[in-house]
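Note sheet for the following structure.
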Amino acid sequence: MPRGNAPRQASRSGRQEGARGRAGAPTKGTAAKTSKKTARVNTKSLGGKKVPTTRTSNYNPVAPERVRQIIAGLGQMYPGVTCALTHRSAWELLVATILSAQSTDVRVNMVTPGLFEKYPTVQDFAALEPEQLQPDIYSTGFFRNKSKSVVGAARKVVADFGGNVPQTMDELLSLPGVARKTANVVLGTWFKKNKGVVVDTHVTRISRRLELTKQDDPRKIEEDLMRIIPRERWTDFSHEVIWHGRKLCVARGPKCADCGLEKLCHAADKTWSTVEIHPDARP
């Protein structure tokens with residue numbers, strides 16, 4: 001399969017349509033017969049071919065069959081994937097997820113083995129002052145706020161939940177440093193409870209590219225996805241999209257020619273396409 005070329009906008013000179021006044025140019029009468037739909041069609045060059053950028057009038061991006069095909073495609077490309085954060089318990093996963101904010105899983109996985117060896121239990125973390133934790137998590141960024149969140153969460157888990165990470169959304173959200181994304185990671189990955197969809201930067205970007213949502217706010221994106229993705233697939237869908245964002249559907253120069261969802265994707269920033277491009281399908 002040929003590799004993709006960078007998208008190229010159609011010429012603004014008008015040459016591709018024929019110069020005005022040239023012999024054989026369409027007359028006003030001929031132009032009047034051209035349908036409005038045809039007149040609105042723009043094209044861009046992708047993969048050496050002209051791809052129309054006008055959206056089909058009856059196209060429904062969240063039609064059940066299309067959503068099923070997207071889910072099936074992700075499952076085929078990323079069978080059995082799970083959270084990339086290294087952990088051995090709900091507490092370790094909670095800490096790792098807090099540390100992953102504004103950082104990468106690779107960086108967090110470099111920090112947590114030594115961290116959990118130094119402080120093996122939630123009680124060990126609860127006994128710390130945030131300043132004591134800062135040197136150990138410095139490389140993950142925002143280490144002052146993260147140290148306060150981790151120590152604060154540890155103290156609340158010990159004081160209010162007997163040292164066990166709670167298993168409900170409301171209780172998890174009561175912990176310092178825990179928002180819905182972190183709670184969904186812990187509930188779905190460790191406790192196998194599909195209470196929501198993890199919405200990180202990858203899920204946000206790819207869900208918008210696939211036209212599964214038009215929202216910018218993570219909570220609204222989650223609500224849109226929860227309406228169209230079967231509940232039993234919420235956690236797996238999140239993991240698969242996150243892996244897809246790392247492996248193929250990268251933010252700059254997505255590898256569209258290698259993507260199993262290529263025929264279902266009409267994103268405006270595709271690098272290669274066999275289907276029409278939708279100008280409003282973008283991150």
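Numbering starts fresh at 1 for the residues of each chain in the structure tokens, the chains themselves are lettered A, B, ... in the order given, and ligands are numbered from 1 as they appear.
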
Quiz prompt | Exercise: A:Ile70 partners within 12 Å, only C-alpha atoms, chain neighbours under 6 positions left out, as number ranges by chain | solution = A: 61-64, 76-77, 206-207, 210-212, 228-229, 237, 240-241, 244, 259-265

Practice problem: Name the residues of stretch 33-246 of chain A that come out as helix (DSSP H, G or I) in a backbone DSSP run; write them as a PyMOL selection string. | Solution: chain A and resi 33+36-39+64-77+90-99+105-118+122-126+130-140+143-161+169-173+180-190+201-209+218-228+231-246

Quiz item: Got a sec: who's within 10 Å of A:Lys214, counting only C-alpha atoms, leaving out chain neighbours fewer than 2 positions off, as a PyMOL selection string?
Solution: chain A and resi 204+207-212+216-217+220-221+224+280-283

Any chance you can output those residues with all heavy atoms as a short mmCIF file (atom, residue, chain, number, x, y, z; two decimals), in the first residue's frame?
```
data_model
loop_
_atom_site.label_atom_id
_atom_site.label_comp_id
_atom_site.auth_asym_id
_atom_site.auth_seq_id
_atom_site.Cartn_x
_atom_site.Cartn_y
_atom_site.Cartn_z
N THR A 204 -9.59 12.08 23.86
CA THR A 204 -10.17 13.34 23.40
C THR A 204 -9.91 13.57 21.92
O THR A 204 -10.82 13.81 21.13
CB THR A 204 -9.60 14.52 24.21
OG1 THR A 204 -10.00 14.39 25.58
CG2 THR A 204 -10.11 15.85 23.67
N SER A 207 -11.40 10.59 19.54
CA SER A 207 -12.86 10.59 19.50
C SER A 207 -13.38 11.73 18.64
O SER A 207 -14.38 11.59 17.93
CB SER A 207 -13.43 10.71 20.91
OG SER A 207 -13.11 9.58 21.69
N ARG A 208 -12.70 12.86 18.66
CA ARG A 208 -13.09 13.99 17.82
C ARG A 208 -12.73 13.72 16.35
O ARG A 208 -13.50 14.05 15.45
CB ARG A 208 -12.43 15.28 18.31
CG ARG A 208 -13.05 15.81 19.61
CD ARG A 208 -12.26 16.99 20.16
NE ARG A 208 -12.14 18.06 19.19
CZ ARG A 208 -13.05 19.00 19.00
NH1 ARG A 208 -14.17 19.00 19.70
NH2 ARG A 208 -12.85 19.96 18.11
N ARG A 209 -11.58 13.11 16.11
CA ARG A 209 -11.19 12.79 14.73
C ARG A 209 -12.16 11.80 14.11
O ARG A 209 -12.47 11.88 12.93
CB ARG A 209 -9.77 12.20 14.68
CG ARG A 209 -8.67 13.18 15.08
CD ARG A 209 -7.29 12.56 14.89
NE ARG A 209 -6.87 12.70 13.51
CZ ARG A 209 -6.67 11.69 12.68
NH1 ARG A 209 -6.85 10.46 13.09
NH2 ARG A 209 -6.28 11.90 11.44
N LEU A 210 -12.64 10.85 14.92
CA LEU A 210 -13.58 9.84 14.43
C LEU A 210 -15.02 10.34 14.45
O LEU A 210 -15.94 9.58 14.13
CB LEU A 210 -13.46 8.57 15.27
CG LEU A 210 -12.19 7.75 15.07
CD1 LEU A 210 -12.13 6.60 16.07
CD2 LEU A 210 -12.10 7.20 13.64
N GLU A 211 -15.22 11.59 14.85
CA GLU A 211 -16.54 12.22 14.87
C GLU A 211 -17.51 11.54 15.85
O GLU A 211 -18.71 11.54 15.65
CB GLU A 211 -17.15 12.26 13.46
CG GLU A 211 -16.31 13.02 12.45
CD GLU A 211 -16.84 12.90 11.05
OE1 GLU A 211 -16.50 11.91 10.38
OE2 GLU A 211 -17.61 13.79 10.62
N LEU A 212 -16.97 10.98 16.91
CA LEU A 212 -17.80 10.38 17.95
C LEU A 212 -18.26 11.44 18.95
O LEU A 212 -19.16 11.18 19.76
CB LEU A 212 -17.04 9.27 18.68
CG LEU A 212 -16.56 8.12 17.79
CD1 LEU A 212 -15.82 7.08 18.62
CD2 LEU A 212 -17.73 7.48 17.03
N ASP A 216 -15.33 19.59 23.69
CA ASP A 216 -13.96 19.83 24.14
C ASP A 216 -13.78 19.44 25.61
O ASP A 216 -12.69 19.06 26.01
CB ASP A 216 -13.59 21.31 23.98
CG ASP A 216 -13.58 21.75 22.52
OD1 ASP A 216 -12.92 21.06 21.72
OD2 ASP A 216 -14.22 22.76 22.20
N ASP A 217 -14.83 19.57 26.38
CA ASP A 217 -14.76 19.29 27.81
C ASP A 217 -14.74 17.78 28.05
O ASP A 217 -15.58 17.04 27.52
CB ASP A 217 -15.99 19.89 28.51
CG ASP A 217 -15.98 19.61 30.00
OD1 ASP A 217 -15.16 20.20 30.71
OD2 ASP A 217 -16.81 18.77 30.44
N LYS A 220 -18.05 16.12 29.10
CA LYS A 220 -19.04 16.03 28.03
C LYS A 220 -18.63 14.99 26.99
O LYS A 220 -19.49 14.31 26.42
CB LYS A 220 -19.22 17.40 27.38
CG LYS A 220 -19.87 18.43 28.31
CD LYS A 220 -20.04 19.77 27.63
CE LYS A 220 -20.71 20.77 28.56
NZ LYS A 220 -20.88 22.11 27.94
N ILE A 221 -17.33 14.88 26.74
CA ILE A 221 -16.85 13.83 25.83
C ILE A 221 -17.20 12.46 26.40
O ILE A 221 -17.68 11.57 25.70
CB ILE A 221 -15.33 13.96 25.60
CG1 ILE A 221 -15.02 15.24 24.82
CG2 ILE A 221 -14.79 12.72 24.88
CD1 ILE A 221 -13.55 15.54 24.71
N ASP A 224 -20.83 11.69 25.90
CA ASP A 224 -21.12 11.31 24.51
C ASP A 224 -20.72 9.86 24.25
O ASP A 224 -21.46 9.10 23.62
CB ASP A 224 -20.38 12.23 23.54
CG ASP A 224 -21.05 13.59 23.40
OD1 ASP A 224 -22.19 13.75 23.89
OD2 ASP A 224 -20.44 14.50 22.81
N ASP A 280 -14.77 19.30 9.27
CA ASP A 280 -15.00 19.54 10.69
C ASP A 280 -14.64 18.33 11.54
O ASP A 280 -14.83 18.34 12.75
CB ASP A 280 -16.46 19.93 10.95
CG ASP A 280 -17.45 18.89 10.43
OD1 ASP A 280 -17.02 18.02 9.64
OD2 ASP A 280 -18.63 18.95 10.79
N ALA A 281 -14.09 17.28 10.94
CA ALA A 281 -13.63 16.10 11.70
C ALA A 281 -12.17 16.32 12.04
O ALA A 281 -11.27 15.94 11.31
CB ALA A 281 -13.82 14.84 10.88
N ARG A 282 -11.95 16.93 13.17
CA ARG A 282 -10.59 17.29 13.54
C ARG A 282 -10.45 17.27 15.06
O ARG A 282 -11.43 17.35 15.78
CB ARG A 282 -10.23 18.67 13.00
CG ARG A 282 -11.10 19.81 13.50
CD ARG A 282 -10.68 21.14 12.89
NE ARG A 282 -10.92 21.20 11.46
CZ ARG A 282 -9.96 21.19 10.56
NH1 ARG A 282 -8.70 21.11 10.93
NH2 ARG A 282 -10.26 21.25 9.27
N PRO A 283 -9.21 17.15 15.54
CA PRO A 283 -8.97 17.14 16.99
C PRO A 283 -9.42 18.44 17.63
O PRO A 283 -9.47 19.47 16.96
CB PRO A 283 -7.45 16.96 17.11
CG PRO A 283 -7.03 16.34 15.82
CD PRO A 283 -7.97 16.88 14.79
#
```

Quiz prompt | Shell around stretch 173-179 of chain A at 10 Å using only C-alpha atoms, local window under 3 positions removed, as a list of chain:residue names | solution = A:Leu94, A:Val95, A:Thr97, A:Ile98, A:Leu99, A:Ala101, A:Asn145, A:Lys146, A:Ser147, A:Lys148, A:Ser149, A:Val150, A:Val151, A:Gly152, A:Ala153, A:Ala154, A:Arg155, A:Lys156, A:Val157, A:Val165, A:Pro166, A:Thr168, A:Met169, A:Asp170, A:Thr182, A:Ala183, A:Asn184

Quiz prompt | Using only C-alpha atoms: which of A:Arg246, A:Ser100, A:Gln167, A:His239 has the shortest distance to A:Val199 | solution =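 Among the listed residues, A:His239 lies closest to A:Val199.
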
Self-check item: Option closest in space to A:Arg231, from A:Ser89, A:Gln123, A:Thr112, A:Asn194 [counting only C-alpha atoms]
Solution: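 Closest to A:Arg231 of all the choices is A:Asn194.
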
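By chain and then residue number, the residues within 7 Å of A:Leu85 are Ala96, Asp105 and Asn109 of chain A, counting only C-alpha atoms and disregarding those fewer than 6 positions away in sequence.
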
Self-check item: Surrounding residues of A:Asp200 excluding itself and chain neighbours under 5 positions, 8 Å, only C-alpha atoms, as number ranges by chain
Solution: A: 181, 218, 242

Practice problem: Quick one: pick out all strand (DSSP E) residues within stretch 22-249 of chain A from a backbone DSSP run and write them as a PyMOL selection string. | Solution: chain A and resi 43-46+49-52

Practice problem: Could you tell me how far atom CA of A:Ala268 lies from atom CA of A:Thr213, in Å and to one decimal? | Solution: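 Computing the Euclidean distance for atom CA of A:Ala268 and atom CA of A:Thr213 yields 14.7 Å.
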
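For the pair atom CA of A:Gly75 and atom CA of A:Arg233, the interatomic distance is 10.1 Å.
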
Self-check item: Point-to-point distance in Å for atom CA of A:Val198 and atom CA of A:Arg180
Solution: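 Calculated distance between atom CA of A:Arg180 and atom CA of A:Val198 is 7.7 Å.
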